[in-house]
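Undergrad: Take this structure first; my questions come after.
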Amino acid sequence: MKQKILRHTCLLIVVSVILTFLAASLVMYQKYNDDLKQSVRDDAVYIKDGIQKMGEQYLKDNPGEETAVRITLLDPSGKVLYDSMEDESKMQNHSNRPEFIKAQKNGYAETVRYSETLSKQNFYCAQKLENENILRVGRTTDSVFSTMISSLAIMGILLLIILALAFILVQKQTRDLIEPINTLDLENPLKNVVYEELRPLLGRVDQQNKQILQQMSELKEAEAVRREFTANVSHELKTPLMSISGYAELMMNGMVPPDKLQEFSGRIYHEASRLSTLVSDIIQLSRLDEKSNDMPFEKVDIYEMAEDIVVHLERAAERKNIHISLNGEKSVTVKGVRQVLYEMLYNIADNAIRYTGEDGEVKIIIGRVGSHAYYRVEDNGIGISENEQKRIFERFYRVDKSHSRETGGTGLGLSIVKHGAILHDAKIVLDSEPGKGTKMELVF
C-alpha cells in the first residue's frame, strides 16, 4: 500500500510540475513576446518621426545599438539604403520580403519569421515614409521552445526537491493513515470507526463475527448432542445385547429347563427384534441428517399409505383392545420420499398406540386444507405435559420412562418424524394434555 501511494503521488507531482512549468512558460513567454512587439512598434514610431524631421542623418546619429533593435531603410525598389547591423552595400535586394511587400501596398506591415537553425524568431515592423522609402525595425528573440529548454535545468532541480519532500511527507502520511487500520479491534470492529469509508467493511466483519460465534455455539450444541446420542446409543445397544448374551449363555450351559426353552428363545427373539429396529432407526436418522441427494422425491398417496399402516398396527392395537380407525379424504397426495414418509406416519401412529392404555382409541385422519395436505393422529392416552412437549423430538427421549421398556420403542421414532418433516418442509402441530390424550398433525 505504501509503495502504491508513493508511486501515484510521485506520478502526480511529476505531471503537475511539468504541466505547471509548461503553462507558466507559455504565459510568461506570451507576455514577454507581446511586450517585445509593442516595444518594436514604439521604436518604429520614434525612428519614423526622427527621419521625418532630421532626414537619414538621424539613423547615423542613432544606430539602434542601445535598444537592440535592427533598423533597415529601403528604397521603393527594395534596395537597402541603411542597416544598423550589416554593411548595406553587401546586402541583397529586399523587394521579396513579406514585410516590404505589405508595407508598399498598405503602408504598414508586421511579420514574424522563424529560424529553425538558430531556434530564433524575428519580428519586423515596416512602414512607408513620405518619400516612399520603407523603414523596417526588427528584433530577434529566442523561440518558445528554446526558452523552455533553457529552463529545463531549473525545472529538474525543482522537481527533485519536490519529490524528496513528497517522499518524506508520503511516508509519514501513509504511516499515520495505516496505523489506525493496523490497530483495529477486529473482535469489536464497530466500536471505534476511524474512517467512515471503512464502515461497510467493518460492518461485514462484525456480521461475520456474529455468524462465527453463532456457528461455534451451534457446533458446541451439536457436539453435546452427539455425545449424548453416542452415550444413549451405547446404552440402548448394550441392554438388548446383554439380554441376548445372558439368555444364550444359560441355554448353552444347559441351565434352562426344557419347558422354559420356548420362553427363553422368545425373549432372545424379542431383544434381537428390538436391536434390529434400533439399528434401522439409527441408520434412517443418519440418512436424514445427511439429507442425501439419492433420496427420490415422488408423488405419494398418504391415504393409501395410512391404510397399510393401520393393517400393520392392528395386532398391536388388539393386544391392548385399542380401537384404531382411519377417516378423511382419499387420494390425498404429497411429494416426498416414500420410505421416509412411511416411517414418519407409522411412528406417529405407533407412538399413539404405545402410550394409550387398555380399551383406548386411536384415530387417523387425513385431509386437505387449501393447498396443504395433513395427516393427524388423535388418541386418548397418557398425554404429554407442556414442559416435555419441547423435548419429545429429542433422540431417545421418552415421556413415560417407567414403562419405556414395556412399550418396546427405541426412543427415536419422533426424532425421525422431526427430521423427516424438515426434509419435506412440513410442519408438526402438537396438542396434548396429561391424562386427556394427544393430537399430533403433519401439515405438508
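FYI, nothing fancy with the C-alpha cells labels: chains A, B, ... in order, residues from 1 per chain, ligands from 1 as they appear.
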Kindly assemble as CSV a list of the region 295-347 of chain A residues that lie within 6 Å of region 352-376 of chain A, each paired with its nearest atom pair and their distance in Å to one decimal, using only C-alpha atoms, sorted first by chain and then by ascending residue number.
TA:
```
residue,atom,partner,partner_atom,distance
A:Lys320,CA,A:Glu358,CA,4.9
A:Asn321,CA,A:Asp359,CA,4.9
A:Ile322,CA,A:Gly360,CA,4.7
A:His323,CA,A:Glu361,CA,4.8
A:Ile324,CA,A:Val362,CA,4.7
A:Ser325,CA,A:Lys363,CA,5.0
A:Leu326,CA,A:Ile364,CA,4.7
A:Asn327,CA,A:Ile365,CA,4.9
A:Gly328,CA,A:Ile366,CA,4.7
A:Glu329,CA,A:Gly367,CA,5.0
```
Undergrad: Residues near Ile178 (chain A), anyone? I mean within 12 Å using only C-alpha atoms, not counting same-chain ones fewer than 4 positions away, as a ChimeraX atom specification.
TA: /A:1-2,5,170-174,182-184,194-195
Undergrad: So, with only C-alpha atoms as the atoms that count, which of A:Leu261, A:Ile101, A:Leu275, A:Met155 lies closest to Ala24 (chain A)?
TA: A:Met155
Undergrad: Show me, as an MDAnalysis selection string, the residues that have an atom within 12 Å of Leu159 (chain A) when counting only C-alpha atoms, minus same-chain residues fewer than 3 positions from it.
TA: chainID A and resid 10:21 152:156 162:166
Undergrad: Grab the residues selected above and save them as a compact mmCIF listing (two decimals), in the first residue's frame with C-alpha atoms.
TA:
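So again_10.txt came out as:
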```txt
# COMPACT_ATOMS: atom_id res chain seq x y z
CA CYS A 10 5.28 10.86 -7.44
CA LEU A 11 3.49 10.49 -10.77
CA LEU A 12 1.02 13.19 -9.78
CA ILE A 13 3.83 15.53 -8.71
CA VAL A 14 5.85 15.00 -11.91
CA VAL A 15 2.80 15.58 -14.11
CA SER A 16 1.73 18.61 -12.05
CA VAL A 17 5.20 20.20 -12.15
CA ILE A 18 5.58 19.63 -15.90
CA LEU A 19 2.13 20.98 -16.70
CA THR A 20 2.65 23.96 -14.38
CA PHE A 21 6.04 24.64 -15.96
CA LEU A 152 14.90 22.61 -18.03
CA ALA A 153 17.80 22.56 -15.57
CA ILE A 154 15.92 24.78 -13.12
CA MET A 155 12.80 22.68 -13.54
CA GLY A 156 14.76 19.44 -12.97
CA ILE A 162 9.66 18.49 -4.54
CA LEU A 163 9.97 14.71 -4.99
CA ALA A 164 12.30 14.46 -2.00
CA LEU A 165 9.88 16.44 0.17
CA ALA A 166 6.94 14.41 -1.17
```
Undergrad: What does the structure give for the distance between CA of Ala44 (chain A) and CA of Val69 (chain A), in Å to one decimal?
TA: 9.6 Å
Undergrad: In Å to one decimal, how far is CA of Cys125 (chain A) from CA of Arg139 (chain A)?
TA: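 Atom-to-atom, CA of Arg139 (chain A) and CA of Cys125 (chain A) are spaced 9.1 Å apart.
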Undergrad: Which residue, A:Ser265, A:Gln38, A:Thr333, A:Gln30, has the smallest gap to Tyr124 (chain A) when you use only C-alpha atoms?
TA: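 Checking each of A:Ser265, A:Gln38, A:Thr333, A:Gln30 against Tyr124 (chain A), counting only C-alpha atoms, the winner is A:Gln38.
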Undergrad: So which residues touch region 245-255 of chain A within 7 Å, counting only C-alpha atoms, skipping near sequence neighbours fewer than 3 positions away, as a list in words?
TA: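 Counting only C-alpha atoms, the residues come to Leu241, Met242, Phe264 and Ile268 of chain A.
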Undergrad: Run DSSP on the backbone of this structure and report the residues of region 79-139 of chain A it assigns to alpha helix (DSSP H), as a list in words.
TA: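 Residues meeting the alpha helix (DSSP H) criterion: Pro98, Glu99, Phe100, Ile101, Lys102, Ala103, Gln104, Lys105 and Asn106 of chain A.
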Undergrad: Using all heavy atoms, can you export the residues from the last selection as a PDB file, in the first residue's frame?
TA:
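Saved the output as selection08.pdb:
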```pdb
ATOM      1  N   PRO A  98       8.290  39.696 -47.165  1.00  0.00           N
ATOM      2  CA  PRO A  98       6.846  39.884 -46.931  1.00  0.00           C
ATOM      3  C   PRO A  98       6.504  41.231 -46.333  1.00  0.00           C
ATOM      4  O   PRO A  98       5.528  41.878 -46.736  1.00  0.00           O
ATOM      5  CB  PRO A  98       6.506  38.758 -45.954  1.00  0.00           C
ATOM      6  CG  PRO A  98       7.548  37.730 -46.164  1.00  0.00           C
ATOM      7  CD  PRO A  98       8.802  38.477 -46.529  1.00  0.00           C
ATOM      8  N   GLU A  99       7.319  41.682 -45.362  1.00  0.00           N
ATOM      9  CA  GLU A  99       7.015  42.961 -44.710  1.00  0.00           C
ATOM     10  C   GLU A  99       7.172  44.140 -45.681  1.00  0.00           C
ATOM     11  O   GLU A  99       6.434  45.128 -45.620  1.00  0.00           O
ATOM     12  CB  GLU A  99       7.902  43.163 -43.464  1.00  0.00           C
ATOM     13  CG  GLU A  99       9.382  43.230 -43.735  1.00  0.00           C
ATOM     14  CD  GLU A  99      10.081  41.872 -43.750  1.00  0.00           C
ATOM     15  OE1 GLU A  99       9.363  40.836 -43.806  1.00  0.00           O
ATOM     16  OE2 GLU A  99      11.319  41.843 -43.718  1.00  0.00           O
ATOM     17  N   PHE A 100       8.132  44.032 -46.628  1.00  0.00           N
ATOM     18  CA  PHE A 100       8.337  45.078 -47.626  1.00  0.00           C
ATOM     19  C   PHE A 100       7.143  45.147 -48.570  1.00  0.00           C
ATOM     20  O   PHE A 100       6.633  46.231 -48.874  1.00  0.00           O
ATOM     21  CB  PHE A 100       9.633  44.816 -48.408  1.00  0.00           C
ATOM     22  CG  PHE A 100       9.882  45.798 -49.523  1.00  0.00           C
ATOM     23  CD1 PHE A 100      10.466  47.036 -49.253  1.00  0.00           C
ATOM     24  CD2 PHE A 100       9.504  45.516 -50.836  1.00  0.00           C
ATOM     25  CE1 PHE A 100      10.678  47.949 -50.277  1.00  0.00           C
ATOM     26  CE2 PHE A 100       9.716  46.418 -51.844  1.00  0.00           C
ATOM     27  CZ  PHE A 100      10.309  47.653 -51.571  1.00  0.00           C
ATOM     28  N   ILE A 101       6.717  43.988 -49.040  1.00  0.00           N
ATOM     29  CA  ILE A 101       5.597  43.923 -49.994  1.00  0.00           C
ATOM     30  C   ILE A 101       4.321  44.485 -49.367  1.00  0.00           C
ATOM     31  O   ILE A 101       3.609  45.300 -49.983  1.00  0.00           O
ATOM     32  CB  ILE A 101       5.373  42.466 -50.451  1.00  0.00           C
ATOM     33  CG1 ILE A 101       6.612  41.959 -51.214  1.00  0.00           C
ATOM     34  CG2 ILE A 101       4.121  42.354 -51.299  1.00  0.00           C
ATOM     35  CD1 ILE A 101       6.591  40.494 -51.541  1.00  0.00           C
ATOM     36  N   LYS A 102       4.033  44.071 -48.105  1.00  0.00           N
ATOM     37  CA  LYS A 102       2.812  44.534 -47.445  1.00  0.00           C
ATOM     38  C   LYS A 102       2.870  46.031 -47.133  1.00  0.00           C
ATOM     39  O   LYS A 102       1.866  46.749 -47.252  1.00  0.00           O
ATOM     40  CB  LYS A 102       2.594  43.750 -46.151  1.00  0.00           C
ATOM     41  CG  LYS A 102       2.207  42.301 -46.379  1.00  0.00           C
ATOM     42  CD  LYS A 102       2.017  41.589 -45.048  1.00  0.00           C
ATOM     43  CE  LYS A 102       1.659  40.121 -45.276  1.00  0.00           C
ATOM     44  NZ  LYS A 102       1.478  39.399 -43.982  1.00  0.00           N
ATOM     45  N   ALA A 103       4.056  46.504 -46.720  1.00  0.00           N
ATOM     46  CA  ALA A 103       4.200  47.939 -46.414  1.00  0.00           C
ATOM     47  C   ALA A 103       4.032  48.783 -47.671  1.00  0.00           C
ATOM     48  O   ALA A 103       3.453  49.886 -47.630  1.00  0.00           O
ATOM     49  CB  ALA A 103       5.550  48.198 -45.759  1.00  0.00           C
ATOM     50  N   GLN A 104       4.572  48.324 -48.823  1.00  0.00           N
ATOM     51  CA  GLN A 104       4.402  49.028 -50.092  1.00  0.00           C
ATOM     52  C   GLN A 104       2.933  49.145 -50.445  1.00  0.00           C
ATOM     53  O   GLN A 104       2.481  50.162 -50.948  1.00  0.00           O
ATOM     54  CB  GLN A 104       5.145  48.276 -51.212  1.00  0.00           C
ATOM     55  CG  GLN A 104       6.626  48.528 -51.251  1.00  0.00           C
ATOM     56  CD  GLN A 104       6.970  49.818 -51.970  1.00  0.00           C
ATOM     57  OE1 GLN A 104       6.415  50.877 -51.661  1.00  0.00           O
ATOM     58  NE2 GLN A 104       7.920  49.756 -52.904  1.00  0.00           N
ATOM     59  N   LYS A 105       2.206  48.089 -50.167  1.00  0.00           N
ATOM     60  CA  LYS A 105       0.801  48.036 -50.561  1.00  0.00           C
ATOM     61  C   LYS A 105      -0.104  48.761 -49.571  1.00  0.00           C
ATOM     62  O   LYS A 105      -0.986  49.534 -49.951  1.00  0.00           O
ATOM     63  CB  LYS A 105       0.381  46.577 -50.691  1.00  0.00           C
ATOM     64  CG  LYS A 105      -1.067  46.405 -51.144  1.00  0.00           C
ATOM     65  CD  LYS A 105      -1.397  44.924 -51.292  1.00  0.00           C
ATOM     66  CE  LYS A 105      -2.845  44.753 -51.737  1.00  0.00           C
ATOM     67  NZ  LYS A 105      -3.205  43.313 -51.861  1.00  0.00           N
ATOM     68  N   ASN A 106       0.120  48.515 -48.255  1.00  0.00           N
ATOM     69  CA  ASN A 106      -0.806  49.022 -47.229  1.00  0.00           C
ATOM     70  C   ASN A 106      -0.245  50.185 -46.426  1.00  0.00           C
ATOM     71  O   ASN A 106      -0.956  50.782 -45.620  1.00  0.00           O
ATOM     72  CB  ASN A 106      -1.179  47.903 -46.255  1.00  0.00           C
ATOM     73  CG  ASN A 106      -1.820  46.727 -46.970  1.00  0.00           C
ATOM     74  OD1 ASN A 106      -2.588  46.908 -47.918  1.00  0.00           O
ATOM     75  ND2 ASN A 106      -1.487  45.513 -46.510  1.00  0.00           N
TER      76      ASN A 106
END
```
